[in-house]
$ cat coords02.tsv   # TSV, C-alpha atoms
chain	number	residue	atom	x	y	z
A	25	MET	CA	122.91	46.47	100.81
A	26	SER	CA	125.10	43.48	100.11
A	27	LYS	CA	125.69	42.24	96.58
A	28	ASP	CA	123.36	39.28	97.19
A	29	GLU	CA	120.58	41.57	98.33
A	30	LYS	CA	121.07	43.77	95.26
A	31	ASN	CA	120.47	40.68	93.12
A	32	LEU	CA	116.91	40.36	94.44
A	33	LYS	CA	114.36	40.20	91.65
A	34	ILE	CA	111.09	41.92	92.55
A	35	ALA	CA	107.61	41.63	91.02
A	36	MET	CA	104.77	44.07	91.78
A	37	LEU	CA	101.08	43.56	91.08
A	38	GLY	CA	97.65	44.76	92.18
A	39	HIS	CA	97.83	48.20	90.57
A	40	LYS	CA	96.00	49.12	87.36
A	41	ARG	CA	98.86	50.55	85.32
A	42	VAL	CA	102.15	52.32	85.86
A	43	PRO	CA	103.13	54.98	85.14
A	44	SER	CA	99.70	56.37	85.99
A	45	ARG	CA	97.77	58.61	88.37
A	46	GLU	CA	94.59	56.51	88.26
A	47	GLY	CA	94.76	56.15	92.04
A	48	GLY	CA	97.03	56.24	95.06
A	49	VAL	CA	98.09	52.62	94.55
A	50	GLU	CA	99.42	53.42	91.09
A	51	ILE	CA	101.39	56.41	92.37
A	52	VAL	CA	102.96	54.32	95.15
A	53	VAL	CA	103.88	51.40	92.86
A	54	GLY	CA	105.41	53.80	90.35
A	55	GLU	CA	107.51	55.52	93.02
A	56	LEU	CA	108.72	52.26	94.58
A	57	ALA	CA	109.50	50.56	91.28
A	58	SER	CA	111.36	53.50	89.76
A	59	ARG	CA	113.44	54.18	92.87
A	60	MET	CA	114.32	50.50	93.36
A	61	ALA	CA	115.36	50.27	89.71
A	62	GLN	CA	117.58	53.34	90.15
A	63	LEU	CA	119.28	51.51	93.03
A	64	GLY	CA	120.08	48.61	90.70
A	65	TYR	CA	117.30	46.16	91.56
A	66	SER	CA	115.47	44.12	88.93
A	67	VAL	CA	111.80	45.18	89.10
A	68	THR	CA	108.85	43.92	87.04
A	69	CYS	CA	105.41	45.54	87.23
A	70	TYR	CA	102.37	43.66	85.95
A	71	ASN	CA	99.94	46.13	84.33
A	72	ARG	CA	96.30	45.53	83.48
A	73	LYS	CA	95.22	45.77	79.87
A	74	GLY	CA	92.30	48.04	79.10
A	75	HIS	CA	91.52	51.74	79.23
A	76	HIS	CA	92.26	54.39	81.83
A	77	ILE	CA	89.74	54.30	84.66
A	78	ALA	CA	88.62	57.87	83.87
A	79	GLY	CA	88.04	57.05	80.17
A	80	SER	CA	89.96	56.13	77.04
A	81	LYS	CA	90.78	59.78	76.32
A	82	PHE	CA	93.26	59.59	79.22
A	83	ASP	CA	95.04	56.53	77.84
A	84	THR	CA	98.69	57.46	77.64
A	85	THR	CA	101.41	56.60	75.18
A	86	GLU	CA	103.84	56.70	78.10
A	87	ASN	CA	104.01	53.05	79.16
A	88	SER	CA	107.48	52.69	80.61
A	89	ILE	CA	109.50	53.56	83.68
A	90	SER	CA	113.25	53.76	83.22
A	91	GLY	CA	114.86	50.50	84.35
A	92	VAL	CA	111.54	48.78	85.15
A	93	THR	CA	110.13	45.88	83.12
A	94	ILE	CA	106.45	46.41	82.35
A	95	LYS	CA	104.35	43.37	81.46
A	96	GLU	CA	100.68	43.53	80.49
A	97	VAL	CA	98.50	40.67	81.66
A	98	ILE	CA	95.20	39.29	80.40
A	99	THR	CA	92.34	41.42	81.74
A	100	ILE	CA	88.60	41.14	81.26
A	101	ASP	CA	87.92	44.86	81.12
A	102	LYS	CA	84.52	44.86	82.82
A	103	LYS	CA	83.42	46.12	86.24
A	104	GLY	CA	84.05	43.46	88.87
A	105	LEU	CA	86.23	41.30	86.63
A	106	ALA	CA	89.16	43.53	85.67
A	107	ALA	CA	90.89	43.42	89.07
A	108	LEU	CA	90.20	39.71	89.61
A	109	THR	CA	91.43	38.52	86.22
A	110	ALA	CA	94.45	40.83	86.12
A	111	SER	CA	95.50	39.77	89.62
A	112	PHE	CA	95.18	36.07	88.74
A	113	PHE	CA	97.24	36.27	85.56
A	114	ALA	CA	99.81	38.58	87.16
A	115	ALA	CA	100.23	36.21	90.12
A	116	LEU	CA	100.47	33.25	87.75
A	117	SER	CA	103.13	34.95	85.64
A	118	ALA	CA	105.10	36.00	88.71
A	119	SER	CA	104.93	32.43	90.05
A	120	PHE	CA	106.65	31.08	86.92
A	121	SER	CA	109.15	33.94	86.74
A	122	LYS	CA	112.62	34.12	88.28
A	123	CYS	CA	111.55	36.76	90.80
A	124	ASP	CA	112.45	36.29	94.46
A	125	VAL	CA	109.81	38.58	95.95
A	126	VAL	CA	106.22	39.20	94.87
A	127	HIS	CA	104.81	42.44	96.27
A	128	PHE	CA	100.99	42.52	96.26
A	129	HIS	CA	99.30	45.92	96.48
A	130	ALA	CA	95.75	46.33	97.89
A	131	GLU	CA	93.50	43.76	99.55
A	132	GLY	CA	91.63	42.30	96.58
A	133	PRO	CA	94.71	41.17	94.64
A	134	CYS	CA	95.95	39.37	97.77
A	135	SER	CA	93.30	36.73	97.06
A	136	MET	CA	95.85	35.35	94.58
A	137	LEU	CA	98.71	35.36	97.05
A	138	TRP	CA	98.54	31.57	97.41
A	139	LEU	CA	99.80	31.09	93.85
A	140	PRO	CA	103.37	32.44	94.20
A	141	LYS	CA	103.52	30.93	97.69
A	142	LEU	CA	103.05	27.49	96.08
A	143	PHE	CA	106.19	28.21	94.08
A	144	GLY	CA	108.22	29.22	97.12
A	145	LYS	CA	108.23	32.96	96.47
A	146	ARG	CA	108.57	35.44	99.31
A	147	CYS	CA	105.34	37.45	99.37
A	148	VAL	CA	104.85	40.93	100.80
A	149	ALA	CA	101.45	42.66	100.87
A	150	THR	CA	100.77	46.37	101.20
A	151	ILE	CA	97.29	47.14	102.53
A	152	HIS	CA	96.50	50.55	101.05
A	153	GLY	CA	93.20	50.71	102.93
A	154	LEU	CA	90.39	48.50	104.21
A	155	ASP	CA	88.89	48.25	100.74
A	156	HIS	CA	85.98	45.96	101.66
A	157	GLN	CA	84.50	48.91	103.59
A	158	ARG	CA	84.21	51.08	100.49
A	159	ALA	CA	80.62	51.94	99.62
A	160	LYS	CA	80.94	51.45	95.86
A	161	TRP	CA	81.36	47.66	96.05
A	162	GLY	CA	78.55	45.11	95.74
A	163	LYS	CA	78.29	41.91	97.78
A	164	PHE	CA	80.53	39.77	95.58
A	165	ALA	CA	83.24	42.41	95.30
A	166	SER	CA	83.21	43.00	99.05
A	167	PHE	CA	83.45	39.24	99.67
A	168	TYR	CA	86.35	38.94	97.21
A	169	ILE	CA	88.23	41.84	98.82
A	170	LYS	CA	87.64	40.49	102.35
A	171	PHE	CA	88.91	37.08	101.16
A	172	GLY	CA	92.05	38.83	99.90
A	173	GLU	CA	92.52	40.40	103.32
A	174	LYS	CA	92.30	36.98	104.98
A	175	CYS	CA	94.75	35.49	102.46
A	176	ALA	CA	97.23	38.23	103.29
A	177	VAL	CA	96.86	37.55	107.01
A	178	LYS	CA	97.37	33.82	106.57
A	179	LEU	CA	99.95	33.63	103.79
A	180	ALA	CA	101.96	36.86	103.41
A	181	ASP	CA	105.49	36.79	104.79
A	182	GLU	CA	105.10	40.46	105.70
A	183	ILE	CA	102.17	42.89	105.67
A	184	ILE	CA	102.80	46.61	105.23
A	185	VAL	CA	100.15	49.07	106.46
A	186	LEU	CA	100.03	52.80	105.85
A	187	SER	CA	98.39	53.97	109.08
A	188	LYS	CA	98.46	53.13	112.77
A	189	ASN	CA	94.69	52.71	112.69
A	190	VAL	CA	94.88	49.90	110.12
A	191	GLN	CA	97.78	48.36	112.04
A	192	LYS	CA	95.53	48.22	115.12
A	193	TYR	CA	92.73	46.69	113.02
A	194	PHE	CA	94.89	43.75	111.93
A	195	MET	CA	96.05	43.11	115.48
A	196	ASP	CA	92.56	43.40	117.00
A	197	VAL	CA	90.75	41.32	114.36
A	198	TYR	CA	93.39	38.74	113.43
A	199	GLY	CA	96.16	39.01	116.00
A	200	ARG	CA	98.47	39.60	113.03
A	201	LYS	CA	101.55	41.77	113.36
A	202	THR	CA	102.10	44.24	110.54
A	203	VAL	CA	104.80	46.73	109.61
A	204	TYR	CA	103.93	50.42	109.49
A	205	ILE	CA	105.57	52.07	106.47
A	206	PRO	CA	103.64	55.20	105.39
A	207	ASN	CA	103.82	56.62	101.89
A	208	GLY	CA	106.34	59.27	100.92
A	209	ILE	CA	106.26	62.59	99.11
A	210	SER	CA	108.73	64.81	97.26
A	211	LYS	CA	108.83	68.60	97.39
A	212	PRO	CA	107.36	70.00	94.17
A	213	GLN	CA	107.80	73.31	92.34
A	214	GLN	CA	104.87	75.68	92.59
A	215	VAL	CA	103.57	77.00	89.26
A	216	SER	CA	101.43	79.93	88.23
A	217	ALA	CA	97.73	79.77	87.32
A	218	ASP	CA	97.89	79.76	83.51
A	219	LEU	CA	95.90	76.77	82.21
A	220	ILE	CA	93.34	76.93	85.01
A	221	ASN	CA	92.82	80.64	84.39
A	222	GLU	CA	92.33	80.04	80.68
A	223	GLU	CA	90.03	77.03	81.19
A	224	TYR	CA	88.09	77.94	84.36
A	225	LYS	CA	88.89	81.61	85.14
A	226	LEU	CA	90.68	80.54	88.32
A	227	HIS	CA	93.56	82.47	89.85
A	228	LYS	CA	95.70	82.32	92.96
A	229	ASP	CA	93.64	81.81	96.16
A	230	SER	CA	90.31	82.11	94.32
A	231	TYR	CA	89.10	78.58	95.01
A	232	ILE	CA	88.83	75.77	97.53
A	233	LEU	CA	90.07	72.47	96.11
A	234	PHE	CA	89.05	68.85	96.42
A	235	LEU	CA	91.16	66.47	94.35
A	236	GLY	CA	90.56	62.73	94.31
A	237	ARG	CA	88.40	59.96	92.89
A	238	LEU	CA	84.66	60.68	92.85
A	239	VAL	CA	83.58	57.84	95.11
A	240	PRO	CA	81.13	57.88	98.05
A	241	GLU	CA	83.69	57.31	100.81
A	242	LYS	CA	85.48	60.56	99.90
A	243	GLY	CA	82.60	62.52	101.51
A	244	ILE	CA	82.09	64.86	98.55
A	245	THR	CA	78.35	65.12	99.22
A	246	TYR	CA	79.15	66.61	102.65
A	247	LEU	CA	81.54	69.04	101.02
A	248	ILE	CA	79.00	70.28	98.47
A	249	GLU	CA	76.26	70.62	101.11
A	250	ALA	CA	78.61	72.52	103.41
A	251	PHE	CA	80.09	74.79	100.75
A	252	LYS	CA	76.64	75.88	99.54
A	253	LYS	CA	76.07	77.34	103.03
A	254	VAL	CA	79.39	79.25	103.11
A	255	HIS	CA	79.35	82.99	102.40
A	256	THR	CA	82.30	83.55	100.10
A	257	ASN	CA	83.12	84.67	96.57
A	258	LYS	CA	85.54	81.75	96.22
A	259	LYS	CA	84.75	78.78	93.99
A	260	LEU	CA	84.79	75.12	94.95
A	261	VAL	CA	86.79	73.01	92.48
A	262	ILE	CA	86.11	69.27	92.48
A	263	ALA	CA	88.88	67.65	90.47
A	264	GLY	CA	88.86	63.93	89.72
A	265	GLY	CA	87.23	61.20	87.70
A	266	SER	CA	84.77	58.51	88.66
A	267	SER	CA	85.89	54.98	89.56
A	268	ASP	CA	83.06	52.60	88.60
A	269	THR	CA	80.79	55.30	90.07
A	270	VAL	CA	79.20	57.17	87.15
A	271	GLU	CA	75.80	57.45	88.88
A	272	TYR	CA	77.44	58.95	91.96
A	273	GLU	CA	79.20	61.51	89.78
A	274	LYS	CA	75.84	62.49	88.25
A	275	GLN	CA	74.37	62.83	91.76
A	276	LEU	CA	77.17	65.21	92.76
A	277	GLN	CA	76.70	67.36	89.67
A	278	SER	CA	72.97	67.58	90.33
A	279	MET	CA	73.69	68.94	93.83
A	280	ALA	CA	76.05	71.68	92.64
A	281	ASP	CA	75.37	75.39	92.20
A	282	ASP	CA	77.12	77.80	89.83
A	283	ARG	CA	80.03	78.34	92.25
A	284	ILE	CA	81.11	74.70	91.95
A	285	ILE	CA	83.38	73.55	89.12
A	286	PHE	CA	83.89	69.91	88.10
A	287	THR	CA	87.10	69.48	86.09
A	288	GLY	CA	87.01	65.71	85.59
A	289	PHE	CA	90.27	63.74	85.84
A	290	VAL	CA	93.36	65.95	85.80
A	291	GLN	CA	97.06	65.30	85.46
A	292	GLY	CA	100.28	67.03	84.41
A	293	LYS	CA	100.40	70.83	84.33
A	294	MET	CA	96.69	71.23	85.15
A	295	LEU	CA	97.14	69.17	88.31
A	296	GLU	CA	100.23	71.15	89.34
A	297	GLU	CA	98.44	74.45	88.83
A	298	LEU	CA	95.39	73.37	90.86
A	299	TYR	CA	97.58	72.34	93.81
A	300	SER	CA	99.83	75.41	93.52
A	301	ASN	CA	97.12	78.05	93.54
A	302	ALA	CA	94.41	76.72	95.85
A	303	TYR	CA	93.29	78.82	98.81
A	304	VAL	CA	92.52	75.71	100.88
A	305	TYR	CA	92.54	71.98	100.13
A	306	VAL	CA	89.66	69.91	101.59
A	307	LEU	CA	89.53	66.14	102.09
A	308	PRO	CA	86.22	65.18	103.78
A	309	SER	CA	86.67	61.39	103.57
A	310	ASP	CA	84.85	58.78	105.64
A	311	LEU	CA	87.48	56.17	104.74
A	312	GLU	CA	91.11	56.32	103.65
A	313	GLY	CA	94.23	54.22	103.61
A	314	MET	CA	96.87	56.90	103.48
A	315	PRO	CA	95.69	59.69	101.18
A	316	ILE	CA	98.40	60.55	98.66
A	317	SER	CA	96.41	63.62	97.58
A	318	LEU	CA	96.64	64.99	101.12
A	319	LEU	CA	100.42	64.56	101.15
A	320	GLU	CA	100.61	66.21	97.73
A	321	ALA	CA	98.41	69.12	98.75
A	322	MET	CA	100.55	69.84	101.81
A	323	SER	CA	103.78	69.41	99.83
A	324	TYR	CA	102.59	72.30	97.63
A	325	GLY	CA	102.20	74.42	100.78
A	326	ASN	CA	98.43	74.25	101.15
A	327	CYS	CA	96.32	74.85	104.22
A	328	VAL	CA	94.26	71.68	104.55
A	329	VAL	CA	90.85	70.90	106.07
A	330	THR	CA	90.19	67.18	106.61
A	331	SER	CA	87.73	64.90	108.34
A	332	ASP	CA	88.93	63.70	111.74
A	333	ILE	CA	89.48	60.06	110.73
A	334	PRO	CA	92.84	58.77	112.06
A	335	GLU	CA	94.24	58.21	108.56
A	336	CYS	CA	93.97	61.96	107.92
A	337	THR	CA	94.82	63.34	111.36
A	338	GLU	CA	97.95	61.14	111.55
A	339	VAL	CA	99.20	62.82	108.38
A	340	VAL	CA	98.21	66.38	109.22
A	341	GLY	CA	99.15	66.50	112.90
A	342	GLU	CA	98.86	70.07	114.17
A	343	TYR	CA	99.54	71.48	110.70
A	344	GLY	CA	95.97	71.43	109.43
A	345	ILE	CA	92.33	71.82	110.46
A	346	SER	CA	89.91	68.93	111.04
A	347	PHE	CA	86.14	68.58	111.34
A	348	GLU	CA	83.94	65.80	112.66
A	349	LYS	CA	83.54	63.09	110.01
A	350	GLY	CA	80.18	63.32	108.23
A	351	ASN	CA	79.13	66.45	110.11
A	352	VAL	CA	78.01	68.98	107.49
A	353	ASP	CA	77.47	71.77	110.05
A	354	ASP	CA	80.97	71.37	111.46
A	355	LEU	CA	82.48	71.36	107.97
A	356	THR	CA	80.46	74.48	107.07
A	357	GLU	CA	81.79	76.22	110.20
A	358	LYS	CA	85.41	75.28	109.40
A	359	LEU	CA	85.11	76.40	105.76
A	360	GLN	CA	83.54	79.71	106.80
A	361	TYR	CA	86.34	80.18	109.34
A	362	VAL	CA	89.13	79.75	106.77
A	363	CYS	CA	87.32	81.99	104.28
A	364	ASP	CA	86.99	84.72	106.93
A	365	ASN	CA	90.54	84.41	108.28
A	366	PRO	CA	93.15	84.53	105.47
A	367	GLU	CA	95.92	85.23	107.99
A	368	VAL	CA	95.25	81.83	109.63
A	369	VAL	CA	95.34	80.16	106.21
A	370	ASP	CA	98.67	81.85	105.45
A	371	GLU	CA	100.11	80.61	108.74
A	372	TYR	CA	99.23	77.01	107.89
A	373	LYS	CA	100.53	77.43	104.34
A	374	GLN	CA	103.94	78.61	105.55
A	375	LYS	CA	104.52	75.47	107.60
A	376	ALA	CA	102.82	72.72	105.59
A	377	SER	CA	105.40	71.86	102.93
A	378	ASP	CA	108.51	71.61	105.11
A	379	TYR	CA	106.62	69.59	107.70
A	380	ILE	CA	105.16	67.02	105.33
A	381	CYS	CA	108.28	66.56	103.18
A	382	LYS	CA	110.46	65.94	106.23
A	383	LYS	CA	107.97	63.55	107.85
A	384	TYR	CA	107.24	61.42	104.77
A	385	ASN	CA	110.28	60.63	102.67
A	386	TRP	CA	110.36	58.20	99.72
A	387	ASP	CA	114.00	57.26	100.35
A	388	ASN	CA	113.05	56.01	103.82
A	389	VAL	CA	110.03	54.13	102.43
A	390	VAL	CA	112.16	52.36	99.82
A	391	ARG	CA	114.89	51.47	102.32
A	392	GLU	CA	112.43	49.97	104.83
A	393	THR	CA	110.55	48.07	102.10
A	394	LEU	CA	113.76	46.57	100.69
A	395	GLN	CA	114.69	45.44	104.19
A	396	LEU	CA	111.41	43.52	104.40
A	397	TYR	CA	112.13	41.89	101.05
A	398	ALA	CA	115.53	40.70	102.26
A	399	ASP	CA	114.54	39.56	105.77
A	400	LYS	CA	114.15	35.81	106.24

$ encode --input "coords02.tsv" --output "structure tokens"
Amino acid sequence: MSKDEKNLKIAMLGHKRVPSREGGVEIVVGELASRMAQLGYSVTCYNRKGHHIAGSKFDTTENSISGVTIKEVITIDKKGLAALTASFFAALSASFSKCDVVHFHAEGPCSMLWLPKLFGKRCVATIHGLDHQRAKWGKFASFYIKFGEKCAVKLADEIIVLSKNVQKYFMDVYGRKTVYIPNGISKPQQVSADLINEEYKLHKDSYILFLGRLVPEKGITYLIEAFKKVHTNKKLVIAGGSSDTVEYEKQLQSMADDRIIFTGFVQGKMLEELYSNAYVYVLPSDLEGMPISLLEAMSYGNCVVTSDIPECTEVVGEYGISFEKGNVDDLTEKLQYVCDNPEVVDEYKQKASDYICKKYNWDNVVRETLQLYADK
């Protein structure tokens, strides 16, 4: 990078809060911002005000990233208004700032992309997934998110997508070229089952793990239905909090039997232990952007079972097992197979971490993103 390029001032918005694990967007923004700051760039992240999406008990006193400026923006902390108001005030603040590049994350916030464009800012949008397709949204929210998608198509200087499938969507629907830059992952340290043993009586290889937000498009109903038909002494652990989906969470709990454990939102050591000691990780999603949890699970050396949507199979390649999306019988068969064949599970485990950490590298993601910021 030249000296002039290093002087680029970057603003990021569209996430809830960083540092945070409230969703994949927050993890990505945190990784990008911290790594760019370490390289000497000036980075500002616009955080929402309000409580953690999984509840105020998860509010953290950690509200800084070394070298990154964190600014809180006005937020009406109510369902349907939080994202809209935070995006508007973040875009407005960025427009009047000295930043050179405004990086919008997710489709909905892109509805405010016109604001910094009026002030001559270079605008880059990352589409983390086709959010208007998510089942949890009502008509207005879906309209707002779709409007954001169209604003990105029309106004963004560059659009980043996380999967080839979404890249094809933008070309087929809008004739808009996009840049494919998938998320990254770092190789973690595996840890022993201490907290999870104390809290849930779980030990190494004693459970199948789902970890993610409890939202309809994650396919958790299929997973519960399938697991209840599997003959095994292993538990099913469903780890994650709701995201404006409390009724759905109650529905899931009503479906469960005594072999199924709901942990709620997890982070820190509990999260590390769940990933480190799982027998198999399952992601039965109907819809994804690029699932960070899947990258994380494989980075911990897990055998993974995923739905056959392109956003999952692109990540897994030949290093995991897939089932037909939405097909409970097929998922049951695959879960029974892995429970009955530990040697197959071990074979996948041995290859998963090296494969995923070589294929998806944060240093490459940061370098390619910075190049888009600098291109004119």

$ closest_atom_pairs --input "coords02.tsv" --of "stretch 182-260 of chain A" --to "stretch 286-305 of chain A" --cutoff "7 Å" --atoms "only C-alpha atoms" --output "Markdown table"
| residue | atom | partner | partner_atom | distance |
| --- | --- | --- | --- | --- |
| A:Gln214 | CA | A:Ser300 | CA | 5.1 |
| A:Val215 | CA | A:Glu297 | CA | 5.7 |
| A:Ser216 | CA | A:Glu297 | CA | 6.3 |
| A:Ala217 | CA | A:Glu297 | CA | 5.6 |
| A:Leu219 | CA | A:Met294 | CA | 6.3 |
| A:Ile220 | CA | A:Met294 | CA | 6.6 |
| A:His227 | CA | A:Asn301 | CA | 6.8 |
| A:Lys228 | CA | A:Asn301 | CA | 4.5 |
| A:Asp229 | CA | A:Tyr303 | CA | 4.0 |
| A:Ser230 | CA | A:Tyr303 | CA | 6.3 |
| A:Tyr231 | CA | A:Tyr303 | CA | 5.7 |
| A:Ile232 | CA | A:Val304 | CA | 5.0 |
| A:Leu233 | CA | A:Tyr305 | CA | 4.7 |
| A:Phe234 | CA | A:Tyr305 | CA | 6.0 |

$ residues_around --input "coords02.tsv" --residues "A:Asp124" --least-positions-apart "4" --cutoff "7 Å" --atoms "only C-alpha atoms" --output "PyMOL selection string"
chain A and resi 32-34+145-146

$ closest_residue --input "coords02.tsv" --among "A:Ile262, A:Ile98, A:Ile248, A:Ile89" --to "A:Asp281" --atoms "all atoms listed in the file"
A:Ile248

$ atom_distance --input "coords02.tsv" --atom1 "atom CA of A:His255" --atom2 "atom CA of A:Gln360"
6.9 Å

$ atom_distance --input "coords02.tsv" --atom1 "atom CA of A:Met60" --atom2 "atom CA of A:Trp386"
10.7 Å

$ residues_around --input "coords02.tsv" --residues "A:Val362" --least-positions-apart "5" --cutoff "12 Å" --atoms "all atoms listed in the file" --output "PDB file with C-alpha atoms, in the frame of the given file"
ATOM      1  CA  ASP A 229      93.640  81.810  96.160  1.00  0.00           C
ATOM      2  CA  TYR A 231      89.100  78.580  95.010  1.00  0.00           C
ATOM      3  CA  ILE A 232      88.830  75.770  97.530  1.00  0.00           C
ATOM      4  CA  PHE A 251      80.090  74.790 100.750  1.00  0.00           C
ATOM      5  CA  VAL A 254      79.390  79.250 103.110  1.00  0.00           C
ATOM      6  CA  HIS A 255      79.350  82.990 102.400  1.00  0.00           C
ATOM      7  CA  THR A 256      82.300  83.550 100.100  1.00  0.00           C
ATOM      8  CA  LYS A 258      85.540  81.750  96.220  1.00  0.00           C
ATOM      9  CA  TYR A 303      93.290  78.820  98.810  1.00  0.00           C
ATOM     10  CA  VAL A 304      92.520  75.710 100.880  1.00  0.00           C
ATOM     11  CA  TYR A 305      92.540  71.980 100.130  1.00  0.00           C
ATOM     12  CA  VAL A 306      89.660  69.910 101.590  1.00  0.00           C
ATOM     13  CA  CYS A 327      96.320  74.850 104.220  1.00  0.00           C
ATOM     14  CA  VAL A 328      94.260  71.680 104.550  1.00  0.00           C
ATOM     15  CA  VAL A 329      90.850  70.900 106.070  1.00  0.00           C
ATOM     16  CA  GLY A 344      95.970  71.430 109.430  1.00  0.00           C
ATOM     17  CA  ILE A 345      92.330  71.820 110.460  1.00  0.00           C
ATOM     18  CA  SER A 346      89.910  68.930 111.040  1.00  0.00           C
ATOM     19  CA  LEU A 355      82.480  71.360 107.970  1.00  0.00           C
ATOM     20  CA  THR A 356      80.460  74.480 107.070  1.00  0.00           C
ATOM     21  CA  GLU A 357      81.790  76.220 110.200  1.00  0.00           C
ATOM     22  CA  GLU A 367      95.920  85.230 107.990  1.00  0.00           C
ATOM     23  CA  VAL A 368      95.250  81.830 109.630  1.00  0.00           C
ATOM     24  CA  VAL A 369      95.340  80.160 106.210  1.00  0.00           C
ATOM     25  CA  ASP A 370      98.670  81.850 105.450  1.00  0.00           C
ATOM     26  CA  GLU A 371     100.110  80.610 108.740  1.00  0.00           C
ATOM     27  CA  TYR A 372      99.230  77.010 107.890  1.00  0.00           C
ATOM     28  CA  LYS A 373     100.530  77.430 104.340  1.00  0.00           C
TER      29      LYS A 373
END

$ closest_residue --input "coords02.tsv" --among "A:Gly243, A:Gly144, A:Gly132, A:Gly153" --to "A:Ser166" --atoms "all atoms listed in the file"
A:Gly132

$ closest_residue --input "coords02.tsv" --among "A:Ile209, A:Val42, A:Leu396, A:Cys336" --to "A:Tyr324" --atoms "only C-alpha atoms"
A:Ile209

$ atom_distance --input "coords02.tsv" --atom1 "atom CA of A:Leu56" --atom2 "atom CA of A:Ala321"
20.2 Å

$ decode --input "coords02.tsv" --residues "stretch 352-363 of chain A" --atoms "N, CA, C and O atoms" --output "PDB file, in the first residue's frame"
ATOM      1  N   VAL A 352     -36.542 -33.974   6.201  1.00  0.00           N
ATOM      2  CA  VAL A 352     -36.329 -34.522   7.542  1.00  0.00           C
ATOM      3  C   VAL A 352     -35.831 -35.969   7.472  1.00  0.00           C
ATOM      4  O   VAL A 352     -34.935 -36.361   8.232  1.00  0.00           O
ATOM      5  N   ASP A 353     -36.363 -36.754   6.544  1.00  0.00           N
ATOM      6  CA  ASP A 353     -35.952 -38.162   6.439  1.00  0.00           C
ATOM      7  C   ASP A 353     -34.485 -38.272   6.045  1.00  0.00           C
ATOM      8  O   ASP A 353     -33.753 -39.118   6.583  1.00  0.00           O
ATOM      9  N   ASP A 354     -34.065 -37.434   5.110  1.00  0.00           N
ATOM     10  CA  ASP A 354     -32.663 -37.469   4.680  1.00  0.00           C
ATOM     11  C   ASP A 354     -31.741 -37.034   5.820  1.00  0.00           C
ATOM     12  O   ASP A 354     -30.680 -37.627   6.040  1.00  0.00           O
ATOM     13  N   LEU A 355     -32.154 -36.000   6.549  1.00  0.00           N
ATOM     14  CA  LEU A 355     -31.350 -35.553   7.690  1.00  0.00           C
ATOM     15  C   LEU A 355     -31.286 -36.637   8.765  1.00  0.00           C
ATOM     16  O   LEU A 355     -30.211 -36.887   9.343  1.00  0.00           O
ATOM     17  N   THR A 356     -32.406 -37.304   9.029  1.00  0.00           N
ATOM     18  CA  THR A 356     -32.421 -38.409   9.994  1.00  0.00           C
ATOM     19  C   THR A 356     -31.424 -39.492   9.585  1.00  0.00           C
ATOM     20  O   THR A 356     -30.647 -39.994  10.412  1.00  0.00           O
ATOM     21  N   GLU A 357     -31.453 -39.837   8.305  1.00  0.00           N
ATOM     22  CA  GLU A 357     -30.545 -40.882   7.783  1.00  0.00           C
ATOM     23  C   GLU A 357     -29.082 -40.477   7.967  1.00  0.00           C
ATOM     24  O   GLU A 357     -28.252 -41.299   8.386  1.00  0.00           O
ATOM     25  N   LYS A 358     -28.760 -39.211   7.672  1.00  0.00           N
ATOM     26  CA  LYS A 358     -27.370 -38.744   7.782  1.00  0.00           C
ATOM     27  C   LYS A 358     -26.924 -38.698   9.253  1.00  0.00           C
ATOM     28  O   LYS A 358     -25.783 -39.053   9.578  1.00  0.00           O
ATOM     29  N   LEU A 359     -27.816 -38.266  10.138  1.00  0.00           N
ATOM     30  CA  LEU A 359     -27.471 -38.231  11.559  1.00  0.00           C
ATOM     31  C   LEU A 359     -27.282 -39.640  12.115  1.00  0.00           C
ATOM     32  O   LEU A 359     -26.361 -39.893  12.909  1.00  0.00           O
ATOM     33  N   GLN A 360     -28.138 -40.571  11.702  1.00  0.00           N
ATOM     34  CA  GLN A 360     -27.992 -41.955  12.151  1.00  0.00           C
ATOM     35  C   GLN A 360     -26.670 -42.534  11.643  1.00  0.00           C
ATOM     36  O   GLN A 360     -25.968 -43.260  12.375  1.00  0.00           O
ATOM     37  N   TYR A 361     -26.332 -42.191  10.404  1.00  0.00           N
ATOM     38  CA  TYR A 361     -25.085 -42.683   9.799  1.00  0.00           C
ATOM     39  C   TYR A 361     -23.866 -42.219  10.596  1.00  0.00           C
ATOM     40  O   TYR A 361     -22.978 -43.022  10.909  1.00  0.00           O
ATOM     41  N   VAL A 362     -23.812 -40.932  10.952  1.00  0.00           N
ATOM     42  CA  VAL A 362     -22.629 -40.449  11.684  1.00  0.00           C
ATOM     43  C   VAL A 362     -22.600 -41.012  13.104  1.00  0.00           C
ATOM     44  O   VAL A 362     -21.511 -41.276  13.644  1.00  0.00           O
ATOM     45  N   CYS A 363     -23.774 -41.223  13.695  1.00  0.00           N
ATOM     46  CA  CYS A 363     -23.802 -41.813  15.038  1.00  0.00           C
ATOM     47  C   CYS A 363     -23.325 -43.263  15.022  1.00  0.00           C
ATOM     48  O   CYS A 363     -22.693 -43.736  15.972  1.00  0.00           O
TER      49      CYS A 363
END
